[in-house]
Structure formats: structure tokens, C-alpha cells
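Reviewing the structure listed below.
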Amino acid sequence: MIWQRLRATLARTREQLAGRVRAVVRGAALDEDLYEELEAVLITADVGVATTQRLLEGLRERVRAEGIRDASAVPDLLAEEVRRVLTAVAAPPAEPGAGEKPLVVLVVGVNGSGKTTTVGKLAARYRSQGRRVVVGAADTFRAAAIEQLERWCQRTGAEIVRQAPGADPAAVAFDALQAARARGADVLLVDTAGRLHTRVNLMEELRKTERVLKRLDPSAPHEVLLVLDATTGQNGLAQARHFTEAVGVTGIVLTKLDGTARGGIVIAIADQLGLPVKWVGTGEAAEDLEPFDPDAFVEALFDRDQESA
Ligand SMILES: Nc1nc2c(ncn2[C@@H]2O[C@H](COP(=O)(O)OP(=O)(O)OP(=O)(O)O)[C@@H](O)[C@H]2O)c(=O)[nH]1
Ligand SMILES: [Mg+2]
């Protein structure tokens, strides 16, 4: 079932990437022209120039080493190269109940990337596992942001810790961790404001939030999830670098993978940022969040049964 969902989510990327790889390979000779065409396909699918070079280098090496002559081998070889890049950095999400209690998860990212929705989805997931979930409303810029989070909490049975709009986000995070501890919560999820990554003072605020959490628990936050909107493609990578310079990002949540043809960005994230994608957003509903599995991803992306896709 998960496989079917992932397959459906990746439909447009599959068409753009694996579908076009198959199209250029069909009836072609395994020569320089073909490599050039593959390069264009990968770059168009938002894999990015540097990562495309790396994939094609790996491909050439396999072709040389194994004396491959037939271009029809290329899609499978390329799938293996993609798998290699993804598994090199793969790491599962930190889950509550495994170690620290509460597990402290800080969620960061630019405006509209899907932070609050991801916090809501994670709350829903952990609640359905019977976990006690506290959510910190550290996006204090707008009253609407707090209300949005409150709705998610009402729906999922998570407990919200909030202050008035305009309050110090770091203070809210501090309160939330204190409350989560006092209540014996399994997990604390901290939502933050959509930061303009070009404004240094906002990054400073994020650093302060991280620092303040450490004052209560030096090992916190245990997970810092950077939420990236897949539809922003290569631009998302530039944004990501600002965040990784400011805070200790442990993994990526790639949202809105449904409906985009830019899923190739997953490969660029692993290769260029060296960070694991930990979760993938596949829609707007509570259940539309999947832990990222590189093998399942590659299988769904390079679907062998392409004709019926
Ligand atoms: N299709 C789709 N939509 C999503 C996904 N994740 C979030 N969204 C939508 O993206 C929009 C923005 O989501 P939010 O969670 O409010 O984003 P945010 O990062 O909290 O935004 P700010 O608080 O304004 O910075 C909403 O309409 C969400 O429903 C996803 O995985 N797929
Ligand atoms: Mg938000």
C-alpha cells in the first residue's frame, strides 16, 4: 500500500526522469550523444548539474568496467547510481520511545514550505501510536499560525504550549520543553516561523531557540528537521544551505512531492547537502507523510513496469 502511494506520488517525476531516460535510450547507441541526452534529462528533472555529473561518472565507470555495449542496460545502471547516492547518507528519523524522553524535534524552513503541516502530521502519527505528544507554538509572528497549529492539536489529541502572538519564540520553546517534561510526554514537536533566510537576525533567533532548549537538555534538540518544498527544486538547495549554516540540521522533510515533476531534487539533496531525507510529504492530509526509504524510492522512481505507469 505504501509502495502504491509512493508510486502515485512520484508519477510526474517518474515520467520526467525515468520515463525520458527510457525514451532516449530506446534504440540508441551507447555513445557520447547518449550521455549528453541523459545529462539534459537529469538536469531538467532538477537533479542539478553537479549531481548529474556524479551520476554519469558512476555510469561511465560501470559501462567501462563491465564492458557494457547495449544502451538498454542504462536505466537499471542509472537506478543503481541513484540508489548509491541516496543510501550513502540515509538515516531513519529519530522516533519517540527509542531513547531520549521527551524526544525533542525542532522543525525549521522558509515560509510556506509545510512546517506546521508536518508538525501536525507527525503529531497525528505519534498519537496513533499511543504516544503523548506536546507541540510548541514557537511561530509567534501571526495569530493565525498559532490557530492553525491548535486545530492540528485538537484533531490529533496533541497538547499545545503557546503564548500570545509576538512572544519570544525561544521562550515558548523553553516553556514547551518544561511542560513536556513535567507531563512525561514522549515527544515535543516545536513549530517555528517561516524564516526569511536572507535576514540574519531571524537565523539568530533560530539559534537562540536551539540554545535555550539545550539549557534544559544539553542533548536537545535531538532532531532538527529542515522542511523543503519539492516544487521549489534547485532553489530549495540554496535555502537549505542558509539553515544548515545556522542550526544543526539532522534531516530533511521534503514536502509536496505529490504533483511535482521535480522529485529529482531528492538526489541533489543527498549529494549536495550530504543530509538524509527523513520524511516525504505526499499530500495535505494527516496521513500524507512517509518515512523516506531509498530502496522504495528508487523502485518507485524507476518503475520496471513503465508502460503501465
Ligand atoms: N500537496 C501538498 N501540500 C502540502 C504538503 N505539506 C504542506 N502542504 C500545504 O502547503 C501549505 C503551507 O503549509 P504550512 O504547513 O502552513 O507551511 P509553513 O511552513 O508552516 O508556512 P509558514 O508558517 O507560513 O511559514 C498548506 O496549504 C499545506 O496544506 C504536502 O506534502 N503536499
Ligand atoms: Mg507554519
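Lettering and numbering for the C-alpha cells are positional, with chains as A, B, ... in the shown order, residues counted from 1 in each chain, and ligands counted from 1 in the shown order.
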Counting only C-alpha atoms and all ligand atoms, which protein, DNA or RNA residues come within 8 Å of ligand 1, given as a ChimeraX atom specification?
/A:108-119,139,145,148,191-195,227,229,254-259,280-285,288-289
Based on the selection just made, write C-alpha atoms of those residues as a PDB file, in the first residue's frame.
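What follows is the written file part.pdb:
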```
ATOM      1  CA  VAL A 108      12.519  24.802  10.558  1.00  0.00           C
ATOM      2  CA  GLY A 109      12.224  26.095   6.996  1.00  0.00           C
ATOM      3  CA  VAL A 110      11.154  29.003   4.809  1.00  0.00           C
ATOM      4  CA  ASN A 111       7.627  30.405   4.550  1.00  0.00           C
ATOM      5  CA  GLY A 112       5.007  28.049   3.276  1.00  0.00           C
ATOM      6  CA  SER A 113       7.310  25.053   2.940  1.00  0.00           C
ATOM      7  CA  GLY A 114       4.976  22.959   5.096  1.00  0.00           C
ATOM      8  CA  LYS A 115       6.414  23.172   8.619  1.00  0.00           C
ATOM      9  CA  THR A 116       3.148  23.457  10.523  1.00  0.00           C
ATOM     10  CA  THR A 117       1.513  20.769   8.404  1.00  0.00           C
ATOM     11  CA  THR A 118       4.478  18.465   9.023  1.00  0.00           C
ATOM     12  CA  VAL A 119       4.266  19.078  12.781  1.00  0.00           C
ATOM     13  CA  ASP A 139       5.892  30.605  15.380  1.00  0.00           C
ATOM     14  CA  ALA A 145      -0.131  30.413  12.771  1.00  0.00           C
ATOM     15  CA  GLN A 148      -3.514  26.547  12.585  1.00  0.00           C
ATOM     16  CA  ASP A 191       6.944  24.604  15.117  1.00  0.00           C
ATOM     17  CA  THR A 192       8.856  27.740  14.063  1.00  0.00           C
ATOM     18  CA  ALA A 193       8.169  30.778  11.906  1.00  0.00           C
ATOM     19  CA  GLY A 194       8.746  30.800   8.165  1.00  0.00           C
ATOM     20  CA  ARG A 195      12.072  32.459   8.183  1.00  0.00           C
ATOM     21  CA  VAL A 227      11.322  21.341   5.650  1.00  0.00           C
ATOM     22  CA  ASP A 229       9.136  22.293  -0.670  1.00  0.00           C
ATOM     23  CA  LEU A 254      10.611  17.003   1.522  1.00  0.00           C
ATOM     24  CA  THR A 255       7.023  18.199   1.168  1.00  0.00           C
ATOM     25  CA  LYS A 256       4.672  18.458  -1.817  1.00  0.00           C
ATOM     26  CA  LEU A 257       6.340  15.642  -3.679  1.00  0.00           C
ATOM     27  CA  ASP A 258       2.833  14.851  -4.879  1.00  0.00           C
ATOM     28  CA  GLY A 259       2.083  16.534  -8.163  1.00  0.00           C
ATOM     29  CA  VAL A 280       8.357  12.800   2.479  1.00  0.00           C
ATOM     30  CA  GLY A 281       5.102  14.770   2.276  1.00  0.00           C
ATOM     31  CA  THR A 282       2.672  13.221  -0.175  1.00  0.00           C
ATOM     32  CA  GLY A 283      -0.401  15.429   0.307  1.00  0.00           C
ATOM     33  CA  GLU A 284      -2.168  17.743   2.730  1.00  0.00           C
ATOM     34  CA  ALA A 285      -3.897  15.189   4.969  1.00  0.00           C
ATOM     35  CA  ASP A 288       0.257  12.028   3.945  1.00  0.00           C
ATOM     36  CA  LEU A 289       3.726  11.674   5.451  1.00  0.00           C
TER      37      LEU A 289
END
```
Exercise: stretch 61-70 of chain A partners within 9 Å, only C-alpha atoms, chain neighbours under 6 positions left out, as a PDB file with N, CA and C atoms, in the first residue's frame:
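Now in selection-v8.pdb:
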```pdb
ATOM      1  N   ALA A  28      18.964   3.567 -29.084  1.00  0.00           N
ATOM      2  CA  ALA A  28      20.166   4.409 -29.214  1.00  0.00           C
ATOM      3  C   ALA A  28      21.438   3.591 -29.043  1.00  0.00           C
ATOM      4  N   ALA A  29      22.547   4.143 -29.547  1.00  0.00           N
ATOM      5  CA  ALA A  29      23.858   3.549 -29.295  1.00  0.00           C
ATOM      6  C   ALA A  29      24.395   4.108 -27.984  1.00  0.00           C
ATOM      7  N   LEU A  30      25.231   3.331 -27.307  1.00  0.00           N
ATOM      8  CA  LEU A  30      25.807   3.773 -26.038  1.00  0.00           C
ATOM      9  C   LEU A  30      27.051   4.617 -26.326  1.00  0.00           C
ATOM     10  N   LEU A  77      21.243   0.687 -14.674  1.00  0.00           N
ATOM     11  CA  LEU A  77      22.530   1.148 -14.130  1.00  0.00           C
ATOM     12  C   LEU A  77      22.370   2.499 -13.447  1.00  0.00           C
TER      13      LEU A  77
END
```
Write out as an MDAnalysis selection string each polymer residue whose atoms come within 7 Å of stretch 149-159 of chain A, counting only C-alpha atoms; drop sequence neighbours fewer than 6 positions from it.
chainID A and resid 116 120 123:124 127 133:135
If you count only C-alpha atoms, which residues fall within 8 Å of stretch 99-104 of chain A, apart from same-chain ones fewer than 3 positions away, as a ChimeraX atom specification?
/A:94-96,177,180-181,184-190,220-223
Which of stretch 156-240 of chain A counts as alpha helix (DSSP H) under DSSP, as a ChimeraX atom specification please?
/A:156,169-182,200-216,234-240
